[in-house]
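Student: My structure is in model.tsv, and what it holds is TSV, C-alpha atoms:
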```tsv
chain	number	residue	atom	x	y	z
A	180	ASP	CA	18.64	7.64	21.72
A	181	VAL	CA	17.55	11.24	22.28
A	182	LEU	CA	13.93	11.73	21.26
A	183	MET	CA	13.18	15.11	19.72
A	184	THR	CA	9.56	16.21	19.93
A	185	GLN	CA	8.41	19.09	17.77
A	186	THR	CA	5.09	20.84	18.25
A	187	PRO	CA	2.81	21.64	16.65
A	188	VAL	CA	2.88	19.30	13.69
A	189	SER	CA	1.16	21.91	11.54
A	190	LEU	CA	1.05	25.65	12.11
A	191	PRO	CA	-1.26	27.87	10.04
A	192	VAL	CA	-0.03	31.45	9.87
A	193	SER	CA	-1.04	34.72	8.29
A	194	LEU	CA	1.55	36.65	6.34
A	195	GLY	CA	3.04	39.31	8.58
A	196	GLY	CA	2.20	37.35	11.68
A	197	GLN	CA	4.41	35.84	14.37
A	198	VAL	CA	4.79	32.19	15.34
A	199	SER	CA	6.66	30.05	17.85
A	200	LEU	CA	7.81	26.52	17.14
A	201	SER	CA	8.75	24.18	19.96
A	202	CYS	CA	11.38	21.45	20.09
A	203	ARG	CA	11.86	19.35	23.23
A	204	SER	CA	14.48	16.70	23.84
A	205	SER	CA	14.22	13.62	26.04
A	206	GLN	CA	17.52	14.48	27.71
A	207	SER	CA	19.75	17.48	28.14
A	208	LEU	CA	21.53	18.67	25.03
A	209	VAL	CA	24.37	20.31	26.91
A	210	HIS	CA	27.60	18.76	25.64
A	211	SER	CA	30.54	18.03	27.90
A	212	ASP	CA	32.32	20.92	26.16
A	213	GLY	CA	29.64	23.30	27.48
A	214	ASN	CA	27.96	23.92	24.14
A	215	THR	CA	24.41	22.94	23.24
A	216	TYR	CA	24.22	21.48	19.75
A	217	LEU	CA	20.63	22.20	18.84
A	218	HIS	CA	20.02	23.50	15.34
A	219	TRP	CA	17.01	24.58	13.29
A	220	TYR	CA	16.49	23.95	9.57
A	221	LEU	CA	13.86	24.94	7.05
A	222	GLN	CA	13.04	22.64	4.15
A	223	LYS	CA	11.11	24.34	1.40
A	224	PRO	CA	9.20	22.16	-1.07
A	225	GLY	CA	11.54	20.39	-3.47
A	226	GLN	CA	14.66	21.78	-1.81
A	227	SER	CA	17.37	20.59	0.55
A	228	PRO	CA	17.08	21.70	4.16
A	229	GLN	CA	18.80	25.00	4.91
A	230	LEU	CA	20.32	25.95	8.24
A	231	LEU	CA	18.62	28.82	10.02
A	232	ILE	CA	19.88	28.70	13.61
A	233	TYR	CA	22.87	26.82	15.03
A	234	ARG	CA	23.68	26.08	18.66
A	235	VAL	CA	20.31	27.27	19.95
A	236	SER	CA	20.42	30.95	19.14
A	237	ASN	CA	23.00	31.80	16.46
A	238	ARG	CA	21.58	32.94	13.13
A	239	PHE	CA	23.37	31.40	10.16
A	240	SER	CA	24.84	33.62	7.48
A	241	GLY	CA	22.16	35.42	5.48
A	242	VAL	CA	19.28	34.45	7.76
A	243	PRO	CA	17.03	37.45	8.47
A	244	ASP	CA	16.72	38.71	12.02
A	245	ARG	CA	13.03	37.82	11.86
A	246	PHE	CA	14.24	34.38	12.96
A	247	SER	CA	15.35	33.89	16.53
A	248	GLY	CA	16.18	30.83	18.57
A	249	SER	CA	16.16	30.37	22.31
A	250	GLY	CA	16.08	27.75	25.02
A	251	SER	CA	18.30	25.59	27.13
A	252	GLY	CA	18.67	22.07	28.42
A	253	THR	CA	15.73	20.22	26.91
A	254	ASP	CA	13.37	22.96	25.81
A	255	PHE	CA	13.93	25.07	22.70
A	256	THR	CA	11.96	27.57	20.66
A	257	LEU	CA	12.21	29.08	17.20
A	258	LYS	CA	10.34	32.33	16.75
A	259	ILE	CA	9.52	33.85	13.39
A	260	SER	CA	8.20	37.36	13.23
A	261	ARG	CA	6.65	39.15	10.25
A	262	VAL	CA	6.20	35.87	8.39
A	263	GLU	CA	6.87	36.11	4.66
A	264	PRO	CA	5.87	33.71	1.85
A	265	GLU	CA	9.42	32.35	1.59
A	266	ASP	CA	9.21	31.20	5.23
A	267	LEU	CA	6.67	28.51	4.40
A	268	GLY	CA	7.82	24.90	4.56
A	269	VAL	CA	8.80	22.30	7.12
A	270	TYR	CA	10.98	23.25	10.08
A	271	TYR	CA	13.19	20.61	11.69
A	272	CYS	CA	15.25	20.70	14.83
A	273	LEU	CA	18.39	18.58	15.05
A	274	GLN	CA	20.45	17.63	18.07
A	275	SER	CA	24.08	16.77	17.42
A	276	THR	CA	25.21	16.72	21.05
A	277	HIS	CA	24.70	12.98	21.33
A	278	PHE	CA	25.16	10.10	18.91
A	279	PRO	CA	23.05	9.03	17.21
A	280	ASN	CA	22.14	12.54	16.11
A	281	THR	CA	18.38	12.89	15.94
A	282	PHE	CA	15.87	15.11	14.19
A	283	GLY	CA	12.43	16.16	15.25
A	284	ALA	CA	9.58	15.07	13.02
A	285	GLY	CA	9.08	18.61	11.79
A	286	THR	CA	6.57	21.45	11.99
A	287	LYS	CA	4.88	22.45	8.75
A	288	LEU	CA	4.35	26.18	8.49
A	289	GLU	CA	1.52	26.93	6.08
A	290	LEU	CA	-0.79	29.76	5.20
A	291	LYS	CA	-3.96	30.13	7.18
B	225	GLU	CA	31.03	29.24	-2.28
B	226	VAL	CA	30.56	25.97	-0.43
B	227	GLN	CA	29.32	23.22	-2.70
B	228	LEU	CA	28.54	19.58	-1.98
B	229	VAL	CA	27.71	17.43	-4.99
B	230	GLU	CA	26.50	13.89	-4.48
B	231	SER	CA	26.55	11.11	-7.06
B	232	GLY	CA	26.27	7.36	-7.34
B	233	GLY	CA	22.60	6.84	-6.65
B	234	GLY	CA	20.17	4.77	-8.67
B	235	LEU	CA	17.91	1.75	-8.73
B	236	VAL	CA	19.34	-1.36	-7.08
B	237	GLN	CA	17.93	-4.74	-6.14
B	238	PRO	CA	17.53	-5.77	-2.50
B	239	GLY	CA	20.69	-7.31	-1.13
B	240	ARG	CA	22.95	-5.51	-3.57
B	241	SER	CA	25.49	-2.75	-2.95
B	242	LEU	CA	25.92	0.87	-3.97
B	243	LYS	CA	28.55	3.50	-3.24
B	244	LEU	CA	27.68	7.17	-2.94
B	245	SER	CA	30.21	9.96	-3.41
B	246	CYS	CA	30.13	13.61	-2.41
B	247	VAL	CA	32.63	16.05	-3.86
B	248	ALA	CA	33.17	19.14	-1.73
B	249	SER	CA	34.44	22.51	-2.86
B	250	GLY	CA	34.68	26.06	-1.60
B	251	PHE	CA	36.13	25.21	1.82
B	252	SER	CA	38.94	23.28	3.48
B	253	PHE	CA	37.32	19.86	3.40
B	254	SER	CA	39.96	18.26	5.61
B	255	ASN	CA	39.05	20.59	8.48
B	256	TYR	CA	35.41	19.56	8.81
B	257	GLY	CA	33.43	16.62	10.06
B	258	MET	CA	30.88	15.41	7.53
B	259	ASN	CA	27.59	13.57	7.59
B	260	TRP	CA	25.17	11.55	5.52
B	261	ILE	CA	21.49	12.19	6.16
B	262	ARG	CA	18.60	10.61	4.32
B	263	GLN	CA	14.96	11.31	3.68
B	264	ALA	CA	12.57	8.59	2.58
B	265	PRO	CA	9.85	9.79	0.18
B	266	GLY	CA	7.29	11.94	1.94
B	267	THR	CA	8.90	11.59	5.36
B	268	GLY	CA	11.27	13.45	7.65
B	269	LEU	CA	15.02	13.52	8.01
B	270	GLU	CA	17.10	10.64	9.35
B	271	TRP	CA	20.74	10.94	10.35
B	272	VAL	CA	22.74	8.05	8.86
B	273	ALA	CA	26.43	8.49	9.69
B	274	SER	CA	29.12	10.98	10.64
B	275	ILE	CA	32.88	11.07	10.23
B	276	SER	CA	35.37	13.42	11.85
B	277	SER	CA	37.79	15.52	9.85
B	278	GLY	CA	40.63	13.03	10.13
B	279	SER	CA	38.44	9.91	10.10
B	280	SER	CA	39.31	9.11	13.71
B	281	TYR	CA	35.70	9.19	14.86
B	282	ILE	CA	32.91	7.45	12.96
B	283	TYR	CA	29.31	6.95	14.06
B	284	TYR	CA	26.35	5.15	12.50
B	285	ALA	CA	22.62	4.94	12.98
B	286	GLU	CA	21.57	1.54	14.30
B	287	THR	CA	19.47	1.05	11.17
B	288	VAL	CA	22.59	0.96	8.98
B	289	LYS	CA	25.33	-0.21	11.34
B	290	GLY	CA	27.16	-3.20	9.90
B	291	ARG	CA	25.83	-2.56	6.40
B	292	PHE	CA	26.98	0.99	5.57
B	293	THR	CA	30.50	2.41	5.74
B	294	ILE	CA	31.28	6.11	5.74
B	295	SER	CA	34.74	7.19	4.63
B	296	ARG	CA	36.55	10.15	3.18
B	297	ASP	CA	39.55	11.02	1.03
B	298	ASN	CA	40.77	14.44	2.09
B	299	ALA	CA	43.22	14.57	-0.82
B	300	LYS	CA	40.27	14.29	-3.20
B	301	ASN	CA	37.85	16.41	-1.13
B	302	THR	CA	35.41	13.52	-1.31
B	303	LEU	CA	33.08	11.86	1.17
B	304	TYR	CA	31.78	8.34	0.56
B	305	LEU	CA	29.01	6.06	1.73
B	306	GLN	CA	29.41	2.40	0.87
B	307	MET	CA	26.05	0.70	1.22
B	308	THR	CA	25.74	-3.09	1.26
B	309	SER	CA	22.90	-5.55	1.87
B	310	LEU	CA	20.46	-2.88	0.78
B	311	ARG	CA	16.84	-3.14	1.84
B	312	SER	CA	13.65	-1.55	0.56
B	313	GLU	CA	13.59	0.64	3.66
B	314	ASP	CA	16.90	2.20	2.55
B	315	THR	CA	15.05	3.86	-0.32
B	316	ALA	CA	15.59	7.57	0.21
B	317	LEU	CA	17.18	10.78	-0.94
B	318	TYR	CA	20.67	10.80	0.56
B	319	TYR	CA	22.20	14.13	1.51
B	320	CYS	CA	25.87	14.88	2.10
B	321	THR	CA	26.11	17.58	4.77
B	322	ARG	CA	28.57	19.69	6.70
B	323	THR	CA	25.80	20.44	9.23
B	324	ASP	CA	25.64	24.03	7.97
B	325	TYR	CA	25.63	23.18	4.25
B	326	TRP	CA	23.77	20.44	2.43
B	327	GLY	CA	24.08	18.97	-1.02
B	328	GLN	CA	21.11	18.57	-3.35
B	329	GLY	CA	20.86	14.90	-2.53
B	330	VAL	CA	21.08	11.71	-4.54
B	331	MET	CA	18.22	9.24	-4.85
B	332	VAL	CA	18.65	5.60	-3.93
B	333	THR	CA	15.82	3.23	-4.79
B	334	VAL	CA	15.97	-0.36	-3.56
B	335	SER	CA	13.49	-2.51	-5.43
B	336	SER	CA	13.30	-5.74	-7.36
```
Translate this structure into structure tokens?

Tutor:
Amino acid sequence: DVLMTQTPVSLPVSLGGQVSLSCRSSQSLVHSDGNTYLHWYLQKPGQSPQLLIYRVSNRFSGVPDRFSGSGSGTDFTLKISRVEPEDLGVYYCLQSTHFPNTFGAGTKLELK
Amino acid sequence: EVQLVESGGGLVQPGRSLKLSCVASGFSFSNYGMNWIRQAPGTGLEWVASISSGSSYIYYAETVKGRFTISRDNAKNTLYLQMTSLRSEDTALYYCTRTDYWGQGVMVTVSS
């Protein structure tokens, strides 16, 4: 199974600040079709996860451009600029290139 | 508007069975692969099973293989998860997902 490692576990941030979240996979996430199926989700307290970024760097509908995804192969990053209160919660990365699909353990973004 | 509405959860004794349903609306259900993902209380996300649009491809997590069955009825726009031989460790909030959209989840509690 592909192990997804997210760091840090907890990330204190000041409103208006910028942060980078890391997600690393134990093997390449490049699919045989050439795509890389690495996605980022935010789960706010008491809510279902919501898709932010799909296939590494594509912002989902309605997601502000303060969110950006990058990376390739086994190393991926989610950057959030000008952090707002509604950005707080747990961020998960998911790989759906390989079965079983696997999630990272999450990074909790909280106020400093 | 895409909507995924799960039902069928509840309290069940170990060893018993339960069948979850997810009614989809707002998109062409028959064109999309679907997933079940679960989240045990206070923990992260765990992928459970996936099914392709026409049911040709089905995948399971090792933790549920042989006990759970994912299926779909495209005429009814409904995704199912038949769960048998339930264990306490299956206690979780079960989400029906299209990868980009998630339902609100349905709680399954396995306890005597």

Student: Taking only C-alpha atoms into account, which residues of chain A are within 9 Å of chain B, as an mmCIF file with C-alpha atoms, keeping the file's coordinate frame?

Tutor:
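As written to disk, out34.cif reads:
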```
data_model
loop_
_atom_site.group_PDB
_atom_site.id
_atom_site.type_symbol
_atom_site.label_atom_id
_atom_site.label_comp_id
_atom_site.auth_asym_id
_atom_site.auth_seq_id
_atom_site.Cartn_x
_atom_site.Cartn_y
_atom_site.Cartn_z
ATOM 1 C CA HIS A 218 20.020 23.500 15.340
ATOM 2 C CA GLN A 226 14.660 21.780 -1.810
ATOM 3 C CA SER A 227 17.370 20.590 0.550
ATOM 4 C CA PRO A 228 17.080 21.700 4.160
ATOM 5 C CA GLN A 229 18.800 25.000 4.910
ATOM 6 C CA LEU A 230 20.320 25.950 8.240
ATOM 7 C CA LEU A 231 18.620 28.820 10.020
ATOM 8 C CA TYR A 233 22.870 26.820 15.030
ATOM 9 C CA PHE A 239 23.370 31.400 10.160
ATOM 10 C CA TYR A 271 13.190 20.610 11.690
ATOM 11 C CA PHE A 278 25.160 10.100 18.910
ATOM 12 C CA PRO A 279 23.050 9.030 17.210
ATOM 13 C CA ASN A 280 22.140 12.540 16.110
ATOM 14 C CA THR A 281 18.380 12.890 15.940
ATOM 15 C CA PHE A 282 15.870 15.110 14.190
ATOM 16 C CA GLY A 283 12.430 16.160 15.250
ATOM 17 C CA ALA A 284 9.580 15.070 13.020
ATOM 18 C CA GLY A 285 9.080 18.610 11.790
#
```

Student: Fewer than 4 positions away in the same chain doesn't count, so skip those; otherwise give me all residues within 9 Å of Val236 of chain B, counting all atoms listed in the file, as number ranges by chain.

Tutor: B: 240-242, 310, 332-336

Student: Could you check how far atom CA of Val330 of chain B sits from atom CA of Pro264 of chain A, in Å to one decimal?

Tutor: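 Atom CA of Pro264 of chain A lies at a distance of 27.5 Å from atom CA of Val330 of chain B.
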
Student: For Trp219 of chain A, which residue among A:Val262, A:Ser189, A:Thr276, A:Ser247 is the nearest when counting only C-alpha atoms?

Tutor: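 Answer, going by the shortest atom-to-atom distance: A:Ser247.
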
Student: Padding of 8 Å on every side, edges along x, y and z, all listed atoms of segment 269-283 of chain A included: what centre and edge lengths in Å, to one decimal, does that box have, as AutoDock Vina command-line options?

Tutor:
```
--center_x 17.0 --center_y 16.1 --center_z 14.2 --size_x 32.4 --size_y 30.2 --size_z 30.2
```

Student: What does the structure give for the distance between atom CA of Val247 of chain B and atom CA of Leu305 of chain B, in Å to one decimal?

Tutor: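 Computing it gives 12.0 Å between the two atoms.
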
Student: As a ChimeraX atom specification, please: the residues near Ser193 of chain A (cut-off 12 Å, only C-alpha atoms, same-chain neighbours under 3 positions excluded).

Tutor: /A:190,196-198,259-264,266-267,288-291

Student: Can you work out the spacing between atom CA of Trp260 of chain B and atom CA of Pro187 of chain A in Å, to one decimal?

Tutor: 26.9 Å

Student: Counting all atoms listed in the file, figure out which residue out of B:Asn259, B:Ser279, B:Gln237, B:Ser312 gets nearest to Asn298 of chain B.

Tutor: B:Ser279

Student: What lies within 9 Å of Phe255 of chain A using all atoms listed in the file, ignoring chain neighbours under 3 positions off, as a PyMOL selection string?

Tutor: chain A and resi 200-204+217+235+248-252

Student: Those same residues, written as a PDB file, in the frame of the given file with C-alpha atoms?

Tutor:
```pdb
ATOM      1  CA  LEU A 200       7.810  26.520  17.140  1.00  0.00           C
ATOM      2  CA  SER A 201       8.750  24.180  19.960  1.00  0.00           C
ATOM      3  CA  CYS A 202      11.380  21.450  20.090  1.00  0.00           C
ATOM      4  CA  ARG A 203      11.860  19.350  23.230  1.00  0.00           C
ATOM      5  CA  SER A 204      14.480  16.700  23.840  1.00  0.00           C
ATOM      6  CA  LEU A 217      20.630  22.200  18.840  1.00  0.00           C
ATOM      7  CA  VAL A 235      20.310  27.270  19.950  1.00  0.00           C
ATOM      8  CA  GLY A 248      16.180  30.830  18.570  1.00  0.00           C
ATOM      9  CA  SER A 249      16.160  30.370  22.310  1.00  0.00           C
ATOM     10  CA  GLY A 250      16.080  27.750  25.020  1.00  0.00           C
ATOM     11  CA  SER A 251      18.300  25.590  27.130  1.00  0.00           C
ATOM     12  CA  GLY A 252      18.670  22.070  28.420  1.00  0.00           C
TER      13      GLY A 252
END
```

Student: For a quick check of understanding, using all atoms listed in the file, which of B:Ala316, B:Cys246, B:Val226, B:Ile275 has the smallest distance to Met258 of chain B?

Tutor: B:Ile275

Student: Which residues are close to Phe292 of chain B, i.e. within 8 Å by only C-alpha atoms, leaving aside same-chain residues fewer than 6 positions away? Reply as a VMD selection string.

Tutor: chain B and resid 305 to 308

Student: Missing atoms in segment 242-272 of chain B should be modelled up to N, CA and C atoms and reported as an mmCIF file, in the coordinates of the input.

Tutor:
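The result, stored in result12.cif:
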```cif
data_model
loop_
_atom_site.group_PDB
_atom_site.id
_atom_site.type_symbol
_atom_site.label_atom_id
_atom_site.label_comp_id
_atom_site.auth_asym_id
_atom_site.auth_seq_id
_atom_site.Cartn_x
_atom_site.Cartn_y
_atom_site.Cartn_z
ATOM 1 N N LEU B 242 25.831 -0.391 -3.241
ATOM 2 C CA LEU B 242 25.920 0.870 -3.970
ATOM 3 C C LEU B 242 26.885 1.765 -3.201
ATOM 4 N N LYS B 243 27.627 2.582 -3.925
ATOM 5 C CA LYS B 243 28.550 3.500 -3.240
ATOM 6 C C LYS B 243 28.241 4.925 -3.677
ATOM 7 N N LEU B 244 27.938 5.762 -2.692
ATOM 8 C CA LEU B 244 27.680 7.170 -2.940
ATOM 9 C C LEU B 244 28.968 7.973 -2.747
ATOM 10 N N SER B 245 29.089 9.037 -3.535
ATOM 11 C CA SER B 245 30.210 9.960 -3.410
ATOM 12 C C SER B 245 29.685 11.371 -3.235
ATOM 13 N N CYS B 246 30.478 12.201 -2.589
ATOM 14 C CA CYS B 246 30.130 13.610 -2.410
ATOM 15 C C CYS B 246 31.409 14.417 -2.574
ATOM 16 N N VAL B 247 31.462 15.210 -3.622
ATOM 17 C CA VAL B 247 32.630 16.050 -3.860
ATOM 18 C C VAL B 247 32.378 17.425 -3.268
ATOM 19 N N ALA B 248 33.298 17.853 -2.417
ATOM 20 C CA ALA B 248 33.170 19.140 -1.730
ATOM 21 C C ALA B 248 34.085 20.174 -2.360
ATOM 22 N N SER B 249 33.623 21.411 -2.367
ATOM 23 C CA SER B 249 34.440 22.510 -2.860
ATOM 24 C C SER B 249 34.059 23.793 -2.146
ATOM 25 N N GLY B 250 34.965 24.759 -2.194
ATOM 26 C CA GLY B 250 34.680 26.060 -1.600
ATOM 27 C C GLY B 250 35.067 26.182 -0.135
ATOM 28 N N PHE B 251 35.662 25.150 0.429
ATOM 29 C CA PHE B 251 36.130 25.210 1.820
ATOM 30 C C PHE B 251 37.207 24.159 2.021
ATOM 31 N N SER B 252 37.873 24.241 3.149
ATOM 32 C CA SER B 252 38.940 23.280 3.480
ATOM 33 C C SER B 252 38.310 22.006 4.007
ATOM 34 N N PHE B 253 38.038 21.104 3.084
ATOM 35 C CA PHE B 253 37.320 19.860 3.400
ATOM 36 C C PHE B 253 37.958 19.110 4.564
ATOM 37 N N SER B 254 39.256 19.067 4.596
ATOM 38 C CA SER B 254 39.960 18.260 5.610
ATOM 39 C C SER B 254 39.798 18.801 7.021
ATOM 40 N N ASN B 255 39.234 19.987 7.161
ATOM 41 C CA ASN B 255 39.050 20.590 8.480
ATOM 42 C C ASN B 255 37.679 20.340 9.092
ATOM 43 N N TYR B 256 36.795 19.672 8.365
ATOM 44 C CA TYR B 256 35.410 19.560 8.810
ATOM 45 C C TYR B 256 34.942 18.115 8.930
ATOM 46 N N GLY B 257 34.176 17.860 10.002
ATOM 47 C CA GLY B 257 33.430 16.620 10.060
ATOM 48 C C GLY B 257 32.302 16.658 9.048
ATOM 49 N N MET B 258 31.907 15.497 8.567
ATOM 50 C CA MET B 258 30.880 15.410 7.530
ATOM 51 C C MET B 258 29.857 14.353 7.906
ATOM 52 N N ASN B 259 28.706 14.451 7.259
ATOM 53 C CA ASN B 259 27.590 13.570 7.590
ATOM 54 C C ASN B 259 26.854 13.100 6.333
ATOM 55 N N TRP B 260 26.190 11.979 6.479
ATOM 56 C CA TRP B 260 25.170 11.550 5.520
ATOM 57 C C TRP B 260 23.834 11.537 6.257
ATOM 58 N N ILE B 261 22.846 12.128 5.629
ATOM 59 C CA ILE B 261 21.490 12.190 6.160
ATOM 60 C C ILE B 261 20.566 11.770 5.041
ATOM 61 N N ARG B 262 19.499 11.054 5.365
ATOM 62 C CA ARG B 262 18.600 10.610 4.320
ATOM 63 C C ARG B 262 17.160 10.979 4.614
ATOM 64 N N GLN B 263 16.370 10.961 3.557
ATOM 65 C CA GLN B 263 14.960 11.310 3.680
ATOM 66 C C GLN B 263 14.166 10.398 2.765
ATOM 67 N N ALA B 264 13.437 9.470 3.350
ATOM 68 C CA ALA B 264 12.570 8.590 2.580
ATOM 69 C C ALA B 264 11.436 9.430 1.982
ATOM 70 N N PRO B 265 10.892 9.001 0.864
ATOM 71 C CA PRO B 265 9.850 9.790 0.180
ATOM 72 C C PRO B 265 8.700 10.167 1.111
ATOM 73 N N GLY B 266 8.426 11.457 1.165
ATOM 74 C CA GLY B 266 7.290 11.940 1.940
ATOM 75 C C GLY B 266 7.463 11.914 3.441
ATOM 76 N N THR B 267 8.685 11.688 3.909
ATOM 77 C CA THR B 267 8.900 11.590 5.360
ATOM 78 C C THR B 267 9.940 12.624 5.815
ATOM 79 N N GLY B 268 10.322 12.519 7.084
ATOM 80 C CA GLY B 268 11.270 13.450 7.650
ATOM 81 C C GLY B 268 12.713 13.037 7.435
ATOM 82 N N LEU B 269 13.592 13.703 8.167
ATOM 83 C CA LEU B 269 15.020 13.520 8.010
ATOM 84 C C LEU B 269 15.563 12.484 8.991
ATOM 85 N N GLU B 270 16.468 11.657 8.506
ATOM 86 C CA GLU B 270 17.100 10.640 9.350
ATOM 87 C C GLU B 270 18.610 10.732 9.214
ATOM 88 N N TRP B 271 19.274 10.951 10.339
ATOM 89 C CA TRP B 271 20.740 10.940 10.350
ATOM 90 C C TRP B 271 21.225 9.520 10.103
ATOM 91 N N VAL B 272 22.235 9.373 9.234
ATOM 92 C CA VAL B 272 22.740 8.050 8.860
ATOM 93 C C VAL B 272 24.128 7.787 9.444
#
```
